[in-house]
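Raw contents of input-v1.txt, compact mmCIF, C-alpha atoms:
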# COMPACT_ATOMS: atom_id res chain seq x y z
CA MET A 4 136.07 98.12 51.03
CA LYS A 5 138.70 95.40 50.53
CA ARG A 6 138.58 94.52 54.22
CA PHE A 7 134.81 94.03 54.05
CA TRP A 8 134.94 91.70 51.04
CA ALA A 9 137.86 89.74 52.53
CA ALA A 10 135.88 89.20 55.74
CA ALA A 11 132.79 88.25 53.71
CA ILE A 12 134.72 85.59 51.76
CA ASP A 13 136.20 84.20 54.97
CA PHE A 14 132.78 84.14 56.60
CA ILE A 15 131.27 82.23 53.65
CA LEU A 16 134.14 79.71 53.66
CA SER A 17 133.97 79.09 57.39
CA PHE A 18 130.15 78.82 57.18
CA MET A 19 130.46 76.16 54.46
CA LEU A 20 133.05 74.28 56.52
CA ASN A 21 130.68 74.49 59.46
CA MET A 22 127.91 72.85 57.41
CA VAL A 23 130.17 69.84 56.80
CA PHE A 24 131.39 69.78 60.40
CA PHE A 25 127.83 70.02 61.76
CA CYS A 26 126.73 67.06 59.59
CA LEU A 27 129.68 65.04 60.93
CA LEU A 28 128.82 65.97 64.52
CA ILE A 29 125.17 64.99 64.10
CA PHE A 30 126.17 61.76 62.38
CA CYS A 31 128.61 60.88 65.20
CA TRP A 32 126.04 61.80 67.85
CA LYS A 33 123.46 59.57 66.21
CA LEU A 34 126.01 56.74 65.92
CA LEU A 35 126.89 57.07 69.62
CA ARG A 36 123.20 57.03 70.59
CA VAL A 37 122.64 53.89 68.54
CA CYS A 38 125.77 52.19 69.94
CA ALA A 39 124.87 53.15 73.50
CA GLY A 40 121.32 51.85 72.99
CA VAL A 41 119.64 55.11 74.02
CA ASP A 42 118.22 55.85 70.59
CA TRP A 43 114.93 54.17 71.52
CA GLN A 44 114.64 55.69 74.93
CA ASN A 45 114.56 59.44 74.51
CA ASN A 46 114.31 62.24 72.03
CA VAL A 47 116.82 65.01 71.55
CA GLY A 48 115.33 68.45 72.12
CA LEU A 49 115.52 71.08 69.41
CA SER A 50 117.43 73.39 71.75
CA TRP A 51 120.29 70.87 71.89
CA ILE A 52 120.57 70.86 68.12
CA VAL A 53 120.57 74.67 68.02
CA LEU A 54 123.28 74.67 70.67
CA LEU A 55 125.28 72.10 68.73
CA PHE A 56 125.05 74.26 65.60
CA LEU A 57 126.28 77.33 67.47
CA VAL A 58 129.11 75.41 69.13
CA SER A 59 130.06 73.87 65.79
CA PHE A 60 130.04 77.28 64.12
CA PHE A 61 132.15 78.75 66.90
CA LEU A 62 134.66 75.89 66.77
CA VAL A 63 135.03 76.02 62.99
CA SER A 64 135.35 79.79 62.97
CA PHE A 65 137.91 79.66 65.80
CA SER A 66 139.97 76.90 64.15
CA TYR A 67 139.79 78.68 60.78
CA SER A 68 141.17 81.84 62.30
CA VAL A 69 143.89 80.08 64.33
CA ILE A 70 145.07 77.97 61.39
CA PHE A 71 145.31 80.86 58.96
CA ASP A 72 146.86 83.20 61.50
CA TYR A 73 149.40 80.64 62.69
CA VAL A 74 150.27 78.73 59.51
CA PHE A 75 149.71 81.41 56.86
CA LYS A 76 150.72 84.40 59.01
CA GLY A 77 147.29 85.99 58.95
CA LYS A 78 146.73 85.52 55.21
CA THR A 79 143.24 84.05 55.07
CA PRO A 80 141.76 83.06 51.68
CA GLY A 81 139.62 86.21 51.76
CA LYS A 82 142.62 88.47 52.33
CA MET A 83 144.63 86.61 49.69
CA ILE A 84 141.85 87.00 47.10
CA MET A 85 141.29 90.67 47.91
CA GLY A 86 145.02 91.34 48.25
CA CYS A 87 144.84 93.08 51.58
CA SER A 88 147.07 92.79 54.60
CA VAL A 89 145.60 93.66 57.96
CA TYR A 90 147.86 92.51 60.74
CA SER A 91 151.52 93.14 61.41
CA ASP A 92 154.13 90.37 61.48
CA MET A 93 154.57 91.01 65.19
CA ASP A 94 150.92 90.14 65.79
CA VAL A 95 150.75 86.87 63.93
CA ARG A 96 153.92 85.57 65.59
CA ASN A 97 152.34 85.83 69.01
CA PHE A 98 150.19 82.83 69.91
CA LYS A 99 148.32 84.71 72.64
CA TRP A 100 147.33 87.33 70.09
CA ILE A 101 146.23 84.61 67.66
CA ILE A 102 143.94 83.02 70.26
CA LYS A 103 142.53 86.38 71.28
CA HIS A 104 141.95 87.33 67.65
CA ALA A 105 140.27 83.99 66.94
CA LEU A 106 137.96 84.40 69.93
CA PHE A 107 136.91 87.93 68.95
CA ARG A 108 136.51 86.95 65.32
CA SER A 109 134.37 83.91 66.16
CA VAL A 110 132.02 85.90 68.37
CA ALA A 111 131.83 88.66 65.74
CA SER A 112 131.00 86.02 63.09
CA LEU A 113 128.12 84.72 65.20
CA PHE A 114 126.72 88.24 65.35
CA TYR A 115 127.66 89.04 61.79
CA MET A 116 124.90 91.58 61.24
CA ILE A 117 126.19 93.78 64.05
CA THR A 118 129.76 93.30 62.82
CA VAL A 119 128.85 94.47 59.32
CA LEU A 120 126.81 97.41 60.56
CA TYR A 121 129.76 98.41 62.76
CA TYR A 122 132.01 98.24 59.71
CA PHE A 123 129.71 100.45 57.64
CA PHE A 124 129.83 103.13 60.31
CA THR A 125 133.49 102.91 61.32
CA ASN A 126 135.27 101.44 58.29
CA GLU A 127 136.83 98.86 60.58
CA MET A 128 136.03 95.34 61.73
CA ILE A 129 134.99 95.26 65.36
CA TYR A 130 137.46 92.50 66.23
CA ASP A 131 140.37 94.34 64.59
CA LYS A 132 139.60 97.31 66.77
CA ALA A 133 139.10 95.24 69.93
CA ILE A 134 142.48 93.61 69.56
CA ARG A 135 144.29 96.83 68.77
CA ASP A 136 142.70 98.64 71.69
CA LYS A 137 143.79 95.90 74.07
CA LYS A 138 147.38 96.34 72.84
CA TYR A 139 148.00 92.62 72.79
CA ILE A 140 151.62 92.96 71.61
CA GLY A 141 152.14 94.69 68.36
CA GLU A 142 150.08 97.40 66.80
CA GLY A 143 147.21 96.30 64.59
CA ARG A 144 147.85 97.72 61.17
CA SER A 145 144.72 98.29 59.13
CA VAL A 146 144.90 98.61 55.39
CA TYR A 147 141.73 99.35 53.47
CA MET B 20 114.29 100.73 41.78
CA ASP B 21 115.70 99.36 38.54
CA ILE B 22 118.50 96.78 38.87
CA ARG B 23 120.67 98.85 36.49
CA CYS B 24 120.33 101.81 38.83
CA LEU B 25 121.53 99.63 41.68
CA ILE B 26 124.54 98.43 39.66
CA ARG B 27 125.41 102.00 38.68
CA LEU B 28 125.07 103.10 42.30
CA ALA B 29 127.33 100.22 43.41
CA ARG B 30 129.97 101.20 40.84
CA GLU B 31 129.92 104.83 41.81
CA ASN B 32 129.83 104.13 45.52
CA PRO B 33 131.47 100.84 46.65
CA ARG B 34 130.18 101.29 50.19
CA ALA B 35 126.59 101.49 48.93
CA GLY B 36 127.26 98.43 46.73
CA ALA B 37 128.50 96.46 49.71
CA ALA B 38 125.47 97.56 51.74
CA ILE B 39 123.08 96.48 48.95
CA VAL B 40 124.76 93.08 48.64
CA PHE B 41 124.79 92.62 52.39
CA PHE B 42 121.20 93.59 53.08
CA SER B 43 119.90 91.52 50.18
CA THR B 44 121.77 88.42 51.30
CA CYS B 45 122.11 88.79 55.07
CA ILE B 46 119.21 86.47 55.79
CA ILE B 47 120.70 83.57 53.79
CA PRO B 48 123.02 82.24 56.56
CA ILE B 49 120.07 82.24 58.96
CA VAL B 50 117.87 80.36 56.48
CA ILE B 51 120.63 77.80 55.85
CA ALA B 52 121.16 77.42 59.60
CA VAL B 53 117.44 76.85 60.18
CA ILE B 54 117.33 74.19 57.45
CA MET B 55 120.46 72.47 58.80
CA ILE B 56 119.10 72.48 62.35
CA SER B 57 115.66 71.19 61.28
CA VAL B 58 117.12 68.39 59.17
CA GLY B 59 119.62 67.49 61.91
CA TRP B 60 116.81 67.36 64.45
CA LEU B 61 114.67 65.14 62.22
CA TYR B 62 117.66 62.92 61.53
CA ILE B 63 118.70 62.42 65.14
CA ASN B 64 115.17 61.77 66.37
CA THR B 65 114.37 59.22 63.73
CA THR B 66 114.98 55.65 64.68
CA ASP B 67 115.57 52.68 62.45
CA ILE B 68 113.30 49.81 63.38
CA PRO B 69 114.64 46.30 62.94
CA PHE B 70 112.32 44.27 60.77
CA GLU B 71 112.18 40.67 59.69
CA TYR B 72 111.56 39.52 56.16
CA LEU B 73 108.92 36.81 55.95
CA SER B 74 108.34 36.01 52.32
CA LYS B 75 107.13 37.33 49.01
CA GLU B 76 104.24 36.29 46.82
CA CYS B 77 102.64 37.53 43.65
CA TYR B 78 99.55 39.63 44.11
CA ASN B 79 96.37 37.83 43.03
CA ALA B 80 94.38 40.32 41.01
CA ASP B 81 91.35 38.01 40.67
CA GLU B 82 90.27 38.17 44.30
CA PRO B 83 87.57 40.69 45.26
CA ALA B 84 89.15 43.76 46.74
CA ASN B 85 88.13 45.28 50.07
CA VAL B 86 91.19 47.43 49.79
CA ASP B 87 92.55 48.59 46.49
CA VAL B 88 96.04 47.22 47.01
CA THR B 89 97.08 48.40 43.59
CA SER B 90 97.20 51.95 44.88
CA SER B 91 99.10 53.40 47.73
CA ILE B 92 98.35 54.37 51.29
CA PHE B 93 101.93 54.91 52.33
CA GLY B 94 102.91 56.26 49.01
CA GLY B 95 101.56 58.97 46.83
CA GLU B 96 100.15 59.67 43.43
CA GLY B 97 102.58 58.72 40.72
CA TYR B 98 104.57 56.22 42.78
CA ASN B 99 104.51 52.57 41.78
CA TYR B 100 105.71 51.20 45.11
CA TRP B 101 104.08 51.53 48.51
CA ALA B 102 103.48 49.76 51.80
CA TYR B 103 100.60 48.72 54.02
CA ILE B 104 100.45 48.12 57.75
CA ALA B 105 98.33 45.41 59.38
CA ASP B 106 97.91 45.76 63.13
CA SER B 107 95.78 42.70 63.80
CA GLU B 108 94.93 39.37 62.27
CA GLU B 109 91.31 40.45 61.71
CA GLU B 110 92.41 43.55 59.91
CA TYR B 111 94.76 41.60 57.68
CA CYS B 112 92.23 38.89 56.86
CA LEU B 113 89.35 41.31 56.28
CA GLU B 114 91.17 43.91 54.24
CA TYR B 115 94.28 42.46 52.67
CA GLY B 116 93.83 38.68 52.73
CA GLN B 117 90.65 39.05 50.72
CA SER B 118 92.18 41.56 48.36
CA GLY B 119 94.76 39.45 46.63
CA MET B 120 97.44 39.22 49.28
CA SER B 121 98.72 35.97 50.76
CA ASP B 122 96.29 33.68 52.57
CA ASP B 123 98.82 32.03 54.84
CA ILE B 124 101.93 34.17 55.45
CA TYR B 125 100.11 36.14 58.14
CA ARG B 126 100.02 32.97 60.27
CA GLN B 127 103.76 33.44 60.89
CA VAL B 128 102.99 36.68 62.70
CA ASP B 129 101.91 36.86 66.35
CA PHE B 130 100.00 40.14 66.19
CA ASN B 131 100.23 40.63 69.95
CA ASP B 132 103.96 41.13 69.63
CA TYR B 133 104.42 42.05 65.99
CA ILE B 134 103.12 44.40 63.33
CA MET B 135 102.88 43.11 59.79
CA ILE B 136 104.08 45.19 56.85
CA MET B 137 103.30 44.47 53.22
CA SER B 138 105.25 46.33 50.57
CA VAL B 139 104.07 46.27 46.99
CA ASN B 140 106.35 46.12 43.92
CA ARG B 141 109.57 46.93 45.80
CA PRO B 142 111.19 45.36 48.87
CA LEU B 143 111.78 47.51 51.92
CA ALA B 144 115.28 48.74 52.63
CA ALA B 145 114.52 50.46 55.93
CA ILE B 146 111.65 51.39 58.20
CA ARG B 147 112.04 54.42 60.40
CA ILE B 148 109.84 56.04 62.97
CA MET B 149 109.85 59.66 63.96
CA LYS B 150 109.60 59.72 67.73
CA GLY B 151 109.67 63.48 67.72
CA PHE B 152 106.29 63.54 66.02
CA PRO B 153 104.10 60.97 67.78
CA VAL B 154 100.45 60.81 66.76
CA PHE B 155 98.09 60.85 69.74
CA GLU B 156 94.61 59.55 69.04
CA ASP B 157 92.46 59.51 72.17
CA GLU B 158 94.86 58.04 74.72
CA LYS B 159 96.72 55.87 72.23
CA VAL B 160 100.01 56.91 70.75
CA SER B 161 101.47 55.78 67.48
CA SER B 162 104.65 56.52 65.56
CA TYR B 163 104.79 58.16 62.22
CA PRO B 164 106.57 55.71 59.90
CA GLN B 165 108.86 56.33 56.97
CA PHE B 166 109.40 53.51 54.52
CA VAL B 167 112.55 53.38 52.44
CA PHE B 168 112.26 51.13 49.43
CA GLY B 169 114.96 49.12 47.69
CA ARG B 170 115.93 49.75 44.10
CA LYS B 171 114.86 46.37 42.75
CA GLU B 172 111.34 46.39 41.32
CA GLU B 173 109.12 43.38 40.63
CA LYS B 174 105.67 44.10 39.25
CA ASN B 175 102.68 42.74 41.19
CA MET B 176 104.94 41.31 43.88
CA VAL B 177 104.06 41.71 47.55
CA TYR B 178 106.82 41.47 50.16
CA TYR B 179 105.89 40.57 53.73
CA TYR B 180 107.68 41.73 56.87
CA LYS B 181 107.09 41.82 60.59
CA ILE B 182 108.22 44.35 63.17
CA TYR B 183 108.53 43.69 66.90
CA ARG B 184 106.41 45.98 69.09
CA THR B 185 109.25 47.41 71.18
CA ASP B 186 108.53 49.59 74.20
CA THR B 187 108.89 53.13 72.91
CA VAL B 188 109.21 56.36 74.91
CA TYR B 189 107.32 59.45 73.73
CA LYS B 190 106.97 62.86 75.27
CA ARG B 191 103.63 64.59 75.70
CA TYR B 192 103.32 67.93 77.48
CA GLY B 193 106.72 67.29 79.09
CA LYS B 194 105.66 63.89 80.43
CA GLU B 195 107.15 60.65 79.21
CA VAL B 196 104.73 58.12 77.81
CA VAL B 197 105.91 54.55 77.37
CA SER B 198 103.96 52.58 74.84
CA ARG B 199 104.41 49.47 72.79
CA LEU B 200 105.25 50.33 69.23
CA LYS B 201 102.27 51.10 67.05
CA LEU B 202 102.64 52.53 63.57
CA PHE B 203 100.42 55.35 62.50
CA LYS B 204 98.40 54.49 59.44
CA GLU B 205 96.02 56.46 57.46
CA PRO B 206 92.46 55.08 57.74
CA TYR B 207 91.60 53.54 54.41
CA ALA B 208 88.44 55.64 54.04
CA GLU B 209 90.40 58.85 54.54
CA ARG B 210 93.28 58.11 52.24
CA ASN B 211 92.00 60.31 49.45
CA SER B 212 90.45 62.98 51.60
CA GLY B 213 93.75 64.70 52.30
CA LYS B 214 92.96 64.68 56.03
CA SER B 215 95.85 62.51 57.12
CA PRO B 216 99.50 63.21 56.45
CA LYS B 217 100.86 61.11 53.63
CA PRO B 218 104.46 60.00 54.07
CA VAL B 219 106.46 60.21 50.90
CA PRO B 220 108.03 56.90 49.88
CA MET B 221 111.75 57.02 49.29
CA ILE B 222 114.07 54.90 47.24
CA GLU B 223 117.22 53.68 48.93
CA SER B 224 120.01 56.06 48.05
CA SER B 225 123.67 55.20 47.81
CA GLY B 226 126.98 56.74 48.79
CA PRO B 227 128.23 58.21 52.05
CA PHE B 228 125.27 60.54 52.44
CA LYS B 229 122.51 57.96 52.05
CA LYS B 230 121.66 58.30 55.72
CA TRP B 231 120.92 61.95 55.07
CA LYS B 232 118.99 61.81 51.84
CA TRP B 233 115.69 60.78 53.38
CA ALA B 234 115.82 63.72 55.79
CA PHE B 235 116.26 66.21 52.96
CA ASP B 236 113.50 64.48 50.98
CA LEU B 237 111.23 64.68 53.97
CA TYR B 238 112.07 68.29 54.67
CA ASN B 239 111.45 69.20 51.04
CA SER B 240 108.16 67.37 50.97
CA ASN B 241 106.71 69.21 53.98

Serialized structure, structure tokens:
Amino acid sequence: MKRFWAAAIDFILSFMLNMVFFCLLIFCWKLLRVCAGVDWQNNVGLSWIVLLFLVSFFLVSFSYSVIFDYVFKGKTPGKMIMGCSVYSDMDVRNFKWIIKHALFRSVASLFYMITVLYYFFTNEMIYDKAIRDKKYIGEGRSVY
Amino acid sequence: MDIRCLIRLARENPRAGAAIVFFSTCIIPIVIAVIMISVGWLYINTTDIPFEYLSKECYNADEPANVDVTSSIFGGEGYNYWAYIADSEEEYCLEYGQSGMSDDIYRQVDFNDYIMIMSVNRPLAAIRIMKGFPVFEDEKVSSYPQFVFGRKEEKNMVYYYKIYRTDTVYKRYGKEVVSRLKLFKEPYAERNSGKSPKPVPMIESSGPFKKWKWAFDLYNSN
């Protein structure tokens, strides 16, 4: 279950970062509207705010994954706390793999309920499996 | 099921423990996201209105009161600062001018182009309207105001302001309605009936998040 708790910690951290990032985005958007003089003229629809939240969440999750894969060689805070190592050195040296992993991880984080249910049934994170199956240089090494 | 049973189950079976934790907390990110989105939406659709300070005068408690200006309309029970809106000269003279407010400051206001605001006990720090929630009464549209009060308090002092009636765009059933600014105000007779929404007055907050505080206050008050 180490892999599950590591992913949970990383999800919570990236979600908290997203809250800060989303506030900054909204603040900047408001500032731009005021500076451009359109603040009086129209309202922003709720769907735009929902979209902004999703985009912000995706961006934060993607950056989080890329930074920790690239700079810390795949050692995210969650994995460091739980003391588990998931990916091989070959994987985290390849930038293409890092981007692919970040994309899969970000999408899986958006649909976190499905990701967790998948884990409970297979004992593996869906994005770990997706990357390994694609054979994107290096074999994914799962340690539970 | 007893909580101790759950803990024992989690200890004996880590997978079951993880499942319990997950299913009992899985809704939290969605709740947080909904709150963030709602507050962000309120924040971005709320517009600061420029207002002009006119003067301040002590409230004259000896004059007969048509309106009880010692209690709030745009305020709430327990608050000692509030604001009133006067849309026309007649309204001001009839209700507020004869209730202890200034007899002459209103002459500085051209009510065709301006709305007069009187705040009691505290000066105003900001006035905001929520364009996302226009109030349609018959064919007329008005904006729901939020008053943010300064920290300085002077007892029995009335501060006078005027706001320009800017052309404001609202949406109704997908159509854009352009109207000169009109602030929604609770009819005096209905102020205690609970029929109209009562905006919560807010004190000016400080620090980098002061622009946000009102939105959280508002969200919490609804």

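Note that CA of Ala11 in chain A and CA of Ser43 in chain B are 13.8 Å apart.
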
task = Skip Cys112 in chain B itself and residues of its chain fewer than 6 positions away, then list as a ChimeraX atom specification all residues within 9 Å of it, counting all atoms listed in the file.
result = /B:118,122,125

Can you tell me, as a CSV table (one decimal) with C-alpha atoms, in the frame of the given file, what residues are no more than 6 Å from Phe65 in chain A when counting all atoms listed in the file, ignoring any on the same chain fewer than 4 positions away?
chain,number,residue,atom,x,y,z
A,61,PHE,CA,132.2,78.8,66.9
A,105,ALA,CA,140.3,84.0,66.9
A,109,SER,CA,134.4,83.9,66.2

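Separating CA of Lys204 in chain B from CA of Tyr163 in chain B is a distance of 7.9 Å.
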
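Between chain A and the residues B:Leu113, B:Met135, B:Met149, B:Val160, the shortest atom-to-atom distance, using all atoms listed in the file, involves B:Met149.
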
Residues of chain A that approach chain B to 10 Å or less, counting only C-alpha atoms: could you list each one with the shortest pair of atoms and its distance in Å to one decimal, rows by chain and increasing residue number, as JSON lines?
{"residue": "A:Met4", "atom": "CA", "partner": "B:Arg34", "partner_atom": "CA", "distance": 6.7}
{"residue": "A:Lys5", "atom": "CA", "partner": "B:Pro33", "partner_atom": "CA", "distance": 9.8}
{"residue": "A:Phe7", "atom": "CA", "partner": "B:Ala37", "partner_atom": "CA", "distance": 8.0}
{"residue": "A:Trp8", "atom": "CA", "partner": "B:Ala37", "partner_atom": "CA", "distance": 8.1}
{"residue": "A:Ala11", "atom": "CA", "partner": "B:Phe41", "partner_atom": "CA", "distance": 9.2}
{"residue": "A:Phe14", "atom": "CA", "partner": "B:Pro48", "partner_atom": "CA", "distance": 9.9}
{"residue": "A:Ile15", "atom": "CA", "partner": "B:Pro48", "partner_atom": "CA", "distance": 8.7}
{"residue": "A:Phe18", "atom": "CA", "partner": "B:Pro48", "partner_atom": "CA", "distance": 7.9}
{"residue": "A:Met19", "atom": "CA", "partner": "B:Pro48", "partner_atom": "CA", "distance": 9.8}
{"residue": "A:Asn21", "atom": "CA", "partner": "B:Ala52", "partner_atom": "CA", "distance": 10.0}
{"residue": "A:Met22", "atom": "CA", "partner": "B:Met55", "partner_atom": "CA", "distance": 7.6}
{"residue": "A:Phe25", "atom": "CA", "partner": "B:Met55", "partner_atom": "CA", "distance": 8.3}
{"residue": "A:Cys26", "atom": "CA", "partner": "B:Gly59", "partner_atom": "CA", "distance": 7.5}
{"residue": "A:Leu28", "atom": "CA", "partner": "B:Gly59", "partner_atom": "CA", "distance": 9.7}
{"residue": "A:Ile29", "atom": "CA", "partner": "B:Gly59", "partner_atom": "CA", "distance": 6.5}
{"residue": "A:Phe30", "atom": "CA", "partner": "B:Ile63", "partner_atom": "CA", "distance": 8.0}
{"residue": "A:Trp32", "atom": "CA", "partner": "B:Ile63", "partner_atom": "CA", "distance": 7.8}
{"residue": "A:Lys33", "atom": "CA", "partner": "B:Ile63", "partner_atom": "CA", "distance": 5.7}
{"residue": "A:Leu34", "atom": "CA", "partner": "B:Ile63", "partner_atom": "CA", "distance": 9.3}
{"residue": "A:Arg36", "atom": "CA", "partner": "B:Ile63", "partner_atom": "CA", "distance": 8.9}
{"residue": "A:Val37", "atom": "CA", "partner": "B:Thr66", "partner_atom": "CA", "distance": 8.8}
{"residue": "A:Asp42", "atom": "CA", "partner": "B:Thr66", "partner_atom": "CA", "distance": 6.7}
{"residue": "A:Trp43", "atom": "CA", "partner": "B:Thr187", "partner_atom": "CA", "distance": 6.3}
{"residue": "A:Gln44", "atom": "CA", "partner": "B:Val188", "partner_atom": "CA", "distance": 5.5}
{"residue": "A:Asn45", "atom": "CA", "partner": "B:Val188", "partner_atom": "CA", "distance": 6.2}
{"residue": "A:Asn46", "atom": "CA", "partner": "B:Asn64", "partner_atom": "CA", "distance": 5.7}
{"residue": "A:Val47", "atom": "CA", "partner": "B:Asn64", "partner_atom": "CA", "distance": 6.3}
{"residue": "A:Gly48", "atom": "CA", "partner": "B:Trp60", "partner_atom": "CA", "distance": 7.9}
{"residue": "A:Leu49", "atom": "CA", "partner": "B:Trp60", "partner_atom": "CA", "distance": 6.3}
{"residue": "A:Ser50", "atom": "CA", "partner": "B:Trp60", "partner_atom": "CA", "distance": 9.5}
{"residue": "A:Trp51", "atom": "CA", "partner": "B:Trp60", "partner_atom": "CA", "distance": 8.9}
{"residue": "A:Ile52", "atom": "CA", "partner": "B:Ile56", "partner_atom": "CA", "distance": 6.2}
{"residue": "A:Val53", "atom": "CA", "partner": "B:Ile56", "partner_atom": "CA", "distance": 6.3}
{"residue": "A:Leu54", "atom": "CA", "partner": "B:Ile56", "partner_atom": "CA", "distance": 9.6}
{"residue": "A:Leu55", "atom": "CA", "partner": "B:Ile56", "partner_atom": "CA", "distance": 8.9}
{"residue": "A:Phe56", "atom": "CA", "partner": "B:Ile56", "partner_atom": "CA", "distance": 7.0}
{"residue": "A:Leu57", "atom": "CA", "partner": "B:Ala52", "partner_atom": "CA", "distance": 9.4}
{"residue": "A:Phe60", "atom": "CA", "partner": "B:Ala52", "partner_atom": "CA", "distance": 10.0}
{"residue": "A:Tyr115", "atom": "CA", "partner": "B:Cys45", "partner_atom": "CA", "distance": 8.7}
{"residue": "A:Met116", "atom": "CA", "partner": "B:Cys45", "partner_atom": "CA", "distance": 7.3}
{"residue": "A:Val119", "atom": "CA", "partner": "B:Phe41", "partner_atom": "CA", "distance": 8.2}
{"residue": "A:Leu120", "atom": "CA", "partner": "B:Ala38", "partner_atom": "CA", "distance": 8.9}
{"residue": "A:Phe123", "atom": "CA", "partner": "B:Arg34", "partner_atom": "CA", "distance": 7.5}
{"residue": "A:Asn126", "atom": "CA", "partner": "B:Arg34", "partner_atom": "CA", "distance": 9.6}

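Minimum atom-to-atom distances from B:Gly116, B:Pro69, B:Pro164, B:Pro153 to Ala102 in chain B were compared using all atoms listed in the file, and the lowest value belongs to B:Pro164.
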
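Pairwise distance (CA of Thr44 in chain B, CA of Ile12 in chain A) equals 13.3 Å.
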
Could you give me, as an mmCIF file with C-alpha atoms, in the coordinates of the input, the residues that have an atom at most 9 Å away from the point (136.8, 80.4, 55.8) in the coordinates of the file, using all atoms listed in the file?
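Ended up saving to out.cif:
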data_model
loop_
_atom_site.group_PDB
_atom_site.id
_atom_site.type_symbol
_atom_site.label_atom_id
_atom_site.label_comp_id
_atom_site.auth_asym_id
_atom_site.auth_seq_id
_atom_site.Cartn_x
_atom_site.Cartn_y
_atom_site.Cartn_z
ATOM 1 C CA ALA A 10 135.880 89.200 55.740
ATOM 2 C CA ILE A 12 134.720 85.590 51.760
ATOM 3 C CA ASP A 13 136.200 84.200 54.970
ATOM 4 C CA PHE A 14 132.780 84.140 56.600
ATOM 5 C CA ILE A 15 131.270 82.230 53.650
ATOM 6 C CA LEU A 16 134.140 79.710 53.660
ATOM 7 C CA SER A 17 133.970 79.090 57.390
ATOM 8 C CA PHE A 18 130.150 78.820 57.180
ATOM 9 C CA MET A 19 130.460 76.160 54.460
ATOM 10 C CA LEU A 20 133.050 74.280 56.520
ATOM 11 C CA VAL A 63 135.030 76.020 62.990
ATOM 12 C CA SER A 64 135.350 79.790 62.970
ATOM 13 C CA TYR A 67 139.790 78.680 60.780
ATOM 14 C CA SER A 68 141.170 81.840 62.300
ATOM 15 C CA THR A 79 143.240 84.050 55.070
ATOM 16 C CA PRO A 80 141.760 83.060 51.680
ATOM 17 C CA GLY A 81 139.620 86.210 51.760
#

query = So which residues touch Ile182 in chain B within 6 Å, counting all atoms listed in the file, skipping near sequence neighbours fewer than 6 positions away, as a VMD selection string?
reply = chain B and resid 70 133 to 134
